[in-house]
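Heads up, query.txt below (compact mmCIF, C-alpha atoms and all ligand atoms):
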```txt
# COMPACT_ATOMS: atom_id res chain seq x y z
CA MET A 22 95.46 67.89 132.09
CA ASN A 23 92.33 66.40 133.70
CA VAL A 24 89.03 65.62 132.00
CA LEU A 25 85.85 64.15 133.48
CA ILE A 26 83.59 62.37 130.97
CA THR A 27 80.24 60.75 131.71
CA GLY A 28 79.03 57.77 129.69
CA THR A 29 82.45 56.27 128.89
CA SER A 30 81.39 52.62 128.48
CA THR A 31 80.20 52.94 124.87
CA GLY A 32 79.58 55.32 121.99
CA LEU A 33 80.80 58.91 121.85
CA GLY A 34 81.91 58.98 125.51
CA ASN A 35 84.10 55.93 124.95
CA GLY A 36 85.60 57.54 121.84
CA LEU A 37 86.28 60.76 123.75
CA ALA A 38 87.93 58.87 126.63
CA GLN A 39 90.24 57.11 124.14
CA TYR A 40 90.97 60.43 122.44
CA TYR A 41 92.04 62.24 125.62
CA LEU A 42 94.01 59.23 126.94
CA LYS A 43 95.95 59.19 123.69
CA ALA A 44 96.64 62.90 124.15
CA GLY A 45 98.14 62.12 127.57
CA TRP A 46 95.33 63.42 129.78
CA GLN A 47 94.12 61.94 133.07
CA VAL A 48 90.59 60.75 132.24
CA TYR A 49 87.89 60.36 134.92
CA GLY A 50 85.02 58.29 133.52
CA ILE A 51 81.56 57.55 134.89
CA SER A 52 79.00 55.04 133.60
CA ARG A 53 77.12 51.99 134.87
CA LYS A 54 79.11 49.41 132.90
CA THR A 55 82.87 49.27 132.69
CA SER A 56 84.86 49.24 129.49
CA THR A 57 87.77 46.80 129.45
CA ASP A 58 89.74 48.77 126.84
CA LEU A 59 89.74 51.85 129.09
CA GLU A 60 90.12 50.07 132.43
CA ALA A 61 93.51 48.73 131.40
CA HIS A 62 94.87 52.24 130.92
CA PRO A 63 96.85 53.64 133.90
CA GLN A 64 95.53 57.18 133.34
CA PHE A 65 91.87 56.11 133.33
CA HIS A 66 89.99 56.48 136.61
CA PHE A 67 86.53 54.95 136.73
CA LEU A 68 83.39 55.36 138.83
CA ALA A 69 80.65 52.79 138.20
CA HIS A 70 77.46 54.70 138.91
CA ASP A 71 73.88 55.08 137.69
CA LEU A 72 73.38 58.81 137.18
CA SER A 73 69.62 58.44 137.61
CA SER A 74 70.28 57.61 141.30
CA LEU A 75 70.28 61.31 142.03
CA GLU A 76 70.60 61.11 145.82
CA ALA A 77 73.71 58.93 145.68
CA THR A 78 75.44 60.93 142.96
CA ALA A 79 76.69 63.86 145.05
CA ASP A 80 78.51 61.75 147.69
CA LYS A 81 79.93 59.30 145.15
CA LEU A 82 81.21 62.04 142.87
CA ALA A 83 82.65 64.04 145.76
CA ALA A 84 84.70 61.02 146.85
CA PHE A 85 85.71 60.20 143.25
CA VAL A 86 87.20 63.65 142.56
CA GLU A 87 88.41 64.33 146.11
CA LEU A 88 92.07 64.69 145.14
CA VAL A 89 91.49 66.69 141.96
CA ASP A 90 92.37 70.40 142.15
CA THR A 91 91.64 71.32 138.52
CA PHE A 92 89.40 69.97 135.80
CA ASP A 93 90.49 71.45 132.50
CA LEU A 94 87.39 69.96 130.92
CA VAL A 95 84.15 68.24 131.95
CA ILE A 96 82.10 66.53 129.23
CA LEU A 97 78.55 65.71 130.33
CA ASN A 98 77.95 63.10 127.65
CA ALA A 99 75.88 60.31 129.25
CA GLY A 100 72.38 60.32 127.85
CA ILE A 101 69.47 58.10 126.93
CA LEU A 102 67.01 58.11 124.05
CA ASN A 103 63.63 56.71 125.03
CA GLU A 104 61.11 55.12 122.66
CA ILE A 105 60.22 57.21 119.61
CA LYS A 106 56.50 57.97 119.81
CA ASP A 107 54.13 60.90 120.13
CA LEU A 108 54.31 63.00 123.27
CA HIS A 109 50.65 62.39 124.05
CA ASN A 110 51.43 58.65 124.26
CA THR A 111 54.41 59.20 126.55
CA ARG A 112 53.77 58.69 130.25
CA LEU A 113 55.05 61.17 132.78
CA GLU A 114 57.09 58.46 134.53
CA GLU A 115 59.02 57.86 131.32
CA ILE A 116 59.62 61.59 130.83
CA LYS A 117 60.80 61.91 134.43
CA HIS A 118 63.33 59.11 134.00
CA VAL A 119 64.78 60.65 130.84
CA MET A 120 64.97 64.01 132.61
CA ASP A 121 66.78 62.40 135.57
CA VAL A 122 69.55 61.00 133.36
CA ASN A 123 69.79 63.71 130.69
CA VAL A 124 69.29 66.78 132.89
CA TRP A 125 69.09 66.40 136.68
CA GLY A 126 72.07 64.03 136.93
CA ASN A 127 74.07 66.74 135.19
CA LYS A 128 72.79 69.40 137.57
CA VAL A 129 74.02 67.35 140.55
CA LEU A 130 77.41 66.86 138.87
CA ILE A 131 77.83 70.56 138.13
CA ASP A 132 76.79 71.49 141.68
CA VAL A 133 79.38 69.14 143.24
CA LEU A 134 82.17 70.15 140.86
CA THR A 135 81.64 73.92 141.22
CA GLU A 136 81.58 73.49 145.00
CA GLN A 137 84.48 71.09 145.43
CA VAL A 138 87.00 71.54 142.62
CA ASN A 139 89.21 74.64 142.89
CA HIS A 140 89.52 75.26 139.15
CA LEU A 141 86.82 74.20 136.72
CA LYS A 142 87.83 75.57 133.36
CA GLN A 143 85.32 74.27 130.80
CA VAL A 144 82.04 72.35 130.92
CA VAL A 145 80.55 70.93 127.71
CA ALA A 146 77.13 69.28 127.87
CA ILE A 147 76.44 66.99 124.93
CA SER A 148 73.11 68.17 123.59
CA SER A 149 71.38 67.33 120.31
CA GLY A 150 69.80 68.89 117.26
CA ALA A 151 66.60 67.48 118.76
CA SER A 152 66.83 70.16 121.47
CA VAL A 153 65.78 72.77 118.92
CA SER A 154 64.19 70.85 116.00
CA GLY A 155 60.91 69.76 117.61
CA ALA A 156 60.89 66.64 115.40
CA ARG A 157 57.74 64.54 115.85
CA GLY A 158 58.35 61.44 117.95
CA TRP A 159 61.36 62.66 119.91
CA ASN A 160 59.11 63.38 122.95
CA ALA A 161 61.00 63.25 126.29
CA TYR A 162 64.42 63.27 124.63
CA SER A 163 63.75 66.64 122.97
CA LEU A 164 62.32 68.06 126.18
CA SER A 165 65.37 66.91 128.13
CA LYS A 166 67.93 68.29 125.68
CA ALA A 167 66.10 71.65 125.42
CA THR A 168 66.16 71.87 129.23
CA LEU A 169 69.83 70.89 129.23
CA ASN A 170 70.59 73.84 126.91
CA MET A 171 68.93 76.24 129.34
CA LEU A 172 70.58 74.59 132.36
CA ILE A 173 73.97 75.33 130.79
CA ASN A 174 72.93 78.87 129.89
CA LEU A 175 71.84 79.58 133.48
CA TYR A 176 75.00 78.11 135.04
CA SER A 177 77.17 80.26 132.76
CA LYS A 178 75.83 83.38 134.49
CA GLU A 179 76.49 81.94 137.96
CA PHE A 180 80.05 80.75 137.27
CA PRO A 181 81.71 83.25 134.90
CA GLU A 182 85.17 81.77 135.53
CA THR A 183 84.06 78.49 133.86
CA HIS A 184 83.27 78.31 130.13
CA PHE A 185 79.97 76.48 129.53
CA CYS A 186 78.56 75.18 126.25
CA ALA A 187 75.73 72.87 125.19
CA LEU A 188 77.08 71.12 122.09
CA ALA A 189 75.16 69.05 119.55
CA PRO A 190 77.63 66.39 118.33
CA GLY A 191 75.97 65.64 114.97
CA LEU A 192 74.87 62.14 113.99
CA ILE A 193 77.02 59.31 115.37
CA ASP A 194 76.79 55.63 114.48
CA THR A 195 76.18 54.22 117.98
CA GLY A 196 73.61 52.00 119.67
CA MET A 197 71.18 54.94 119.67
CA GLN A 198 71.20 55.07 115.87
CA ASP A 199 70.91 51.26 115.62
CA TYR A 200 67.61 51.53 117.50
CA LEU A 201 66.35 54.31 115.18
CA TYR A 202 67.50 52.45 112.04
CA ASN A 203 65.27 49.50 112.88
CA LEU A 204 62.07 51.54 113.35
CA LYS A 205 59.45 51.28 110.62
CA GLU A 206 57.27 54.37 111.15
CA GLU A 207 58.98 56.72 108.66
CA GLU A 208 55.72 58.30 107.44
CA LYS A 209 54.68 59.25 110.94
CA PHE A 210 58.16 60.29 112.09
CA PRO A 211 59.84 61.72 108.94
CA VAL A 212 63.26 62.35 110.56
CA LEU A 213 63.76 58.55 110.49
CA LYS A 214 64.11 58.73 106.68
CA LYS A 215 66.96 61.24 106.96
CA LEU A 216 68.72 59.16 109.64
CA LYS A 217 68.46 55.91 107.69
CA LYS A 218 69.91 57.65 104.63
CA ALA A 219 72.84 59.00 106.67
CA LYS A 220 73.81 55.65 108.23
CA GLY A 221 77.02 54.26 106.77
CA THR A 222 77.98 57.63 105.25
CA SER A 223 80.32 60.43 106.39
CA GLN A 224 77.26 62.23 107.76
CA MET A 225 77.12 59.63 110.54
CA PRO A 226 80.69 58.83 111.61
CA ARG A 227 81.54 56.08 114.08
CA SER A 228 82.46 56.96 117.65
CA LYS A 229 86.20 57.31 117.11
CA GLU A 230 85.88 59.81 114.26
CA ALA A 231 82.97 61.59 116.00
CA ALA A 232 85.15 61.99 119.10
CA ARG A 233 87.84 63.69 117.03
CA ILE A 234 85.24 66.07 115.53
CA VAL A 235 83.69 66.81 118.94
CA ALA A 236 87.09 67.33 120.62
CA THR A 237 88.02 69.86 117.91
CA ALA A 238 84.69 71.65 118.39
CA ILE A 239 85.26 71.70 122.18
CA GLU A 240 88.39 73.80 121.58
CA GLN A 241 86.59 76.06 119.11
CA VAL A 242 83.54 76.80 121.28
CA ARG A 243 85.74 78.54 123.86
CA SER A 244 85.69 81.59 121.61
CA PHE A 245 81.87 81.71 121.67
CA GLU A 246 79.81 83.28 124.43
CA SER A 247 79.68 81.07 127.53
CA GLY A 248 76.33 79.34 128.01
CA SER A 249 75.41 79.13 124.33
CA PHE A 250 74.13 76.17 122.32
CA GLN A 251 76.36 75.15 119.41
CA ASP A 252 76.17 72.41 116.78
CA VAL A 253 79.37 70.80 115.42
CA ARG A 254 77.79 70.88 111.95
CA LYS A 255 77.54 74.68 112.05
CA ILE A 256 80.82 75.71 113.67
N1 LIG A 301 74.26 58.97 118.48
C1 LIG A 301 73.80 60.10 117.94
O1 LIG A 301 73.53 60.19 116.74
C2 LIG A 301 73.60 61.30 118.83
C3 LIG A 301 73.08 62.46 118.24
C4 LIG A 301 72.90 63.59 119.02
C5 LIG A 301 73.24 63.57 120.36
N2 LIG A 301 73.74 62.42 120.93
C6 LIG A 301 74.09 62.48 122.34
O2 LIG A 301 75.42 62.02 122.52
C7 LIG A 301 75.57 61.43 123.82
C8 LIG A 301 76.20 60.05 123.69
O3 LIG A 301 75.31 59.24 122.93
P1 LIG A 301 75.76 57.88 122.23
O4 LIG A 301 75.14 57.85 120.89
O5 LIG A 301 77.22 57.70 122.37
O6 LIG A 301 74.95 56.85 123.15
P2 LIG A 301 75.30 55.40 123.73
O7 LIG A 301 76.23 54.68 122.83
O8 LIG A 301 74.01 54.81 124.08
O9 LIG A 301 76.12 55.75 125.07
C9 LIG A 301 75.50 56.36 126.15
C10 LIG A 301 76.46 56.39 127.32
O10 LIG A 301 75.75 56.96 128.44
C11 LIG A 301 75.85 56.10 129.54
N3 LIG A 301 74.63 56.13 130.37
C12 LIG A 301 73.35 55.95 129.95
N4 LIG A 301 72.53 55.96 131.01
C13 LIG A 301 73.30 56.15 132.11
C14 LIG A 301 73.05 56.23 133.50
N5 LIG A 301 71.80 56.12 133.99
N6 LIG A 301 74.08 56.42 134.35
C15 LIG A 301 75.34 56.51 133.88
N7 LIG A 301 75.66 56.46 132.57
C16 LIG A 301 74.65 56.26 131.71
C17 LIG A 301 76.03 54.70 128.95
O11 LIG A 301 76.76 53.88 129.87
P3 LIG A 301 76.10 52.67 130.72
O12 LIG A 301 75.02 52.07 129.89
O13 LIG A 301 77.29 51.79 130.99
O14 LIG A 301 75.61 53.34 131.97
C18 LIG A 301 76.91 55.00 127.73
O15 LIG A 301 78.27 55.01 128.11
C19 LIG A 301 74.17 61.39 124.43
O16 LIG A 301 74.01 62.49 125.33
C20 LIG A 301 73.25 61.58 123.23
O17 LIG A 301 72.03 62.15 123.59
C21 LIG A 301 73.92 61.29 120.19
```

Entire entry expressed as structure tokens:
Amino acid sequence: MNVLITGTSTGLGNGLAQYYLKAGWQVYGISRKTSTDLEAHPQFHFLAHDLSSLEATADKLAAFVELVDTFDLVILNAGILNEIKDLHNTRLEEIKHVMDVNVWGNKVLIDVLTEQVNHLKQVVAISSGASVSGARGWNAYSLSKATLNMLINLYSKEFPETHFCALAPGLIDTGMQDYLYNLKEEEKFPVLKKLKKAKGTSQMPRSKEAARIVATAIEQVRSFESGSFQDVRKI
């Protein structure tokens, strides 16, 4: 079985790579930094690449997956959270950068994979509750994840032989949450209160446990309509 996962150096993507390696899969990982724990594994194949370099992505990915006939699963996990602040204080350049990583990089990946790989069975884009909540302060991140949901919906109509899903993974105790935990503006951005309360509890598992939850959900979402948005907390 072959899986391609973006963002394997840390966080959820790293947990997912470990999960599928343990299950005996061939894992193709992409991120800017390497991860020594994964690199040592004979079934881990790695492409060091910045997904915001949109022009270079197509050629690099095409070469990386040249010999792959089938991807049983593609997990578009790499993502960035920009500074929490109001949208009216967020410059277009910042929004564009977040969109490049969280949305357009994924579009390029899907375009190459659907063109080049003979069998592409399932694509899961890691979305967020922020794609639908409209929480104050989540500016470009919310915009990017909402667009990602629609990107996946649209592709599902074009490629009916592939199952697509945009999946919110729930809260995960990664570097992203460390940044949010240290912010002070809880009155202005009330979701921060909820996140701080969840840290250290079962509502915010660490990457390894989150990967197990997400991998289980990835199997379950196959029975839902292709192209839909799902949340692991509601499945
Ligand atoms: N943590 C949460 O509570 C939470 C909640 C909802 C949704 N999510 C979503 O879950 C996914 C994983 O988040 P996480 O919490 O695990 O974050 P994380 O620990 O910050 O990991 C993000 C991963 O994405 C990669 N990445 C970032 N920018 C990249 C770029 N330009 N090119 C290539 N790779 C890039 C990073 O690798 P390099 O830095 O090595 O490139 C890293 O491996 C994201 O899509 C996030 O939006 C997280």

**OP:** Rounded to one decimal place, report the atom O12 of ligand LIG 301 (chain A)-CA of Lys218 in chain A distance in Å.
**Re:** 26.4 Å

Write out as JSON lines a residue-level contact list of range 157-182 of chain A versus range 117-130 of chain A with cut-off 10 Å: for each qualifying residue the closest pair of atoms and the distance in Å to one decimal, counting all atoms listed in the file, rows sorted by chain and residue number upward.
```
{"residue": "A:Ala161", "atom": "CA", "partner": "A:Val119", "partner_atom": "CA", "distance": 6.5}
{"residue": "A:Tyr162", "atom": "CA", "partner": "A:Val119", "partner_atom": "CA", "distance": 6.7}
{"residue": "A:Ser163", "atom": "CA", "partner": "A:Val119", "partner_atom": "CA", "distance": 9.9}
{"residue": "A:Leu164", "atom": "CA", "partner": "A:Met120", "partner_atom": "CA", "distance": 8.0}
{"residue": "A:Ser165", "atom": "CA", "partner": "A:Met120", "partner_atom": "CA", "distance": 5.4}
{"residue": "A:Lys166", "atom": "CA", "partner": "A:Asn123", "partner_atom": "CA", "distance": 7.0}
{"residue": "A:Ala167", "atom": "CA", "partner": "A:Val124", "partner_atom": "CA", "distance": 9.5}
{"residue": "A:Thr168", "atom": "CA", "partner": "A:Val124", "partner_atom": "CA", "distance": 7.0}
{"residue": "A:Leu169", "atom": "CA", "partner": "A:Val124", "partner_atom": "CA", "distance": 5.5}
{"residue": "A:Asn170", "atom": "CA", "partner": "A:Val124", "partner_atom": "CA", "distance": 9.3}
{"residue": "A:Leu172", "atom": "CA", "partner": "A:Lys128", "partner_atom": "CA", "distance": 7.7}
{"residue": "A:Ile173", "atom": "CA", "partner": "A:Lys128", "partner_atom": "CA", "distance": 9.1}
{"residue": "A:Tyr176", "atom": "CA", "partner": "A:Lys128", "partner_atom": "CA", "distance": 9.3}
```

Go ahead and save the picked residues with C-alpha atoms, as a CSV table (one decimal), in the frame of the given file.
```csv
chain,number,residue,atom,x,y,z
A,161,ALA,CA,61.0,63.2,126.3
A,162,TYR,CA,64.4,63.3,124.6
A,163,SER,CA,63.8,66.6,123.0
A,164,LEU,CA,62.3,68.1,126.2
A,165,SER,CA,65.4,66.9,128.1
A,166,LYS,CA,67.9,68.3,125.7
A,167,ALA,CA,66.1,71.6,125.4
A,168,THR,CA,66.2,71.9,129.2
A,169,LEU,CA,69.8,70.9,129.2
A,170,ASN,CA,70.6,73.8,126.9
A,172,LEU,CA,70.6,74.6,132.4
A,173,ILE,CA,74.0,75.3,130.8
A,176,TYR,CA,75.0,78.1,135.0
```

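The nearest approach to Asn35 in chain A among the residues A:Ala79, A:Leu88, A:Ala236, A:Leu59, with only C-alpha atoms taken into account, belongs to A:Leu59.
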
Original post:
If you count all atoms listed in the file, which residues end up within 6 Å of ligand LIG 301 (chain A), as a PyMOL selection string?
Top reply: chain A and resi 28-34+52-54+70-73+98-101+122+147-149+189-198

Please report, as JSON lines, each residue of range 36-105 of chain A lying at most 12 Å from range 200-213 of chain A, together with the nearest pair of atoms and the separation in Å rounded to one decimal; use all atoms listed in the file, and order rows by chain and ascending residue number.
```
{"residue": "A:Ile101", "atom": "CA", "partner": "A:Tyr200", "partner_atom": "CA", "distance": 11.6}
{"residue": "A:Leu102", "atom": "CA", "partner": "A:Tyr200", "partner_atom": "CA", "distance": 9.3}
{"residue": "A:Asn103", "atom": "CA", "partner": "A:Tyr200", "partner_atom": "CA", "distance": 10.0}
{"residue": "A:Glu104", "atom": "CA", "partner": "A:Tyr200", "partner_atom": "CA", "distance": 9.0}
{"residue": "A:Ile105", "atom": "CA", "partner": "A:Leu201", "partner_atom": "CA", "distance": 8.1}
```

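If only C-alpha atoms are the atoms counted, then among A:Ala219, A:Met22, A:Ala61, A:Ala232 the closest residue to Gly45 in chain A is A:Met22.
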
Original post:
What is the distance, in Å and to one decimal place, between CA of Val24 in chain A and CA of Gly50 in chain A?
Top reply: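 So the two atoms, CA of Val24 in chain A and CA of Gly50 in chain A, lie 8.5 Å apart.
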
**OP:** Between A:Thr111, A:Asn174, A:Thr55, A:Asn23, single out the one closest to Ala146 in chain A, counting all atoms listed in the file.
**Re:**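 Smallest distance to Ala146 in chain A is found for A:Asn174.
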
**OP:** Take the point (87.9, 74.7, 124.1) as written in the file and pick out every residue within 12 Å of it, counting only C-alpha atoms; give the list as a list in words.
**Re:** Asp93, Leu94, Val95, Ile96, Lys142, Gln143, Val144, Val145, Thr183, His184, Phe185, Cys186, Leu188, Val235, Ala236, Thr237, Ala238, Ile239, Glu240, Gln241, Val242, Arg243, Ser244, Phe245, Glu246 and Ser247 of chain A

**OP:** Please measure the separation of CA of Gln224 in chain A and CA of Val48 in chain A, giving the value in Å to one decimal.
**Re:**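 A separation of 27.9 Å between them.
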
Output, as lines of an AutoDock Vina configuration file, the centre and edge lengths in Å (one decimal) of the axis-aligned box that contains all listed atoms of range 180-185 of chain A with 5 Å of margin on each side.
```
center_x = 82.6
center_y = 79.9
center_z = 133.4
size_x = 15.2
size_y = 16.8
size_z = 17.7
```

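Of the residues listed (A:Leu216, A:Ile26, A:Leu108, A:Ala231), A:Leu108 shows the shortest atom-to-atom separation from Arg157 in chain A; distances use only C-alpha atoms.
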
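Candidate residues A:Pro181, A:Gly248, A:Pro63, A:Gly36 were compared for distance to His140 in chain A, and the nearest is A:Pro181, using only C-alpha atoms.
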
Subject >> Top pick for closest residue to Phe92 in chain A, considering A:Leu42, A:Val133, A:Ala77, A:Leu141 and counting all atoms listed in the file >> reply: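 Between A:Leu42, A:Val133, A:Ala77, A:Leu141, the residue approaching Phe92 in chain A most closely is A:Leu141.
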
**OP:** Could you give me, as a ChimeraX atom specification, the residues that have an atom at most 7 Å away from the point (81.4, 76.8, 141.2) in the coordinates of the file, using all atoms listed in the file?
**Re:** /A:134-136,180

Write to file, as a compact mmCIF listing (two decimals), in the frame of the given file, the residues of the selection just made, with C-alpha atoms.
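out.txt was written with the following content:
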```
# COMPACT_ATOMS: atom_id res chain seq x y z
CA LEU A 134 82.17 70.15 140.86
CA THR A 135 81.64 73.92 141.22
CA GLU A 136 81.58 73.49 145.00
CA PHE A 180 80.05 80.75 137.27
```
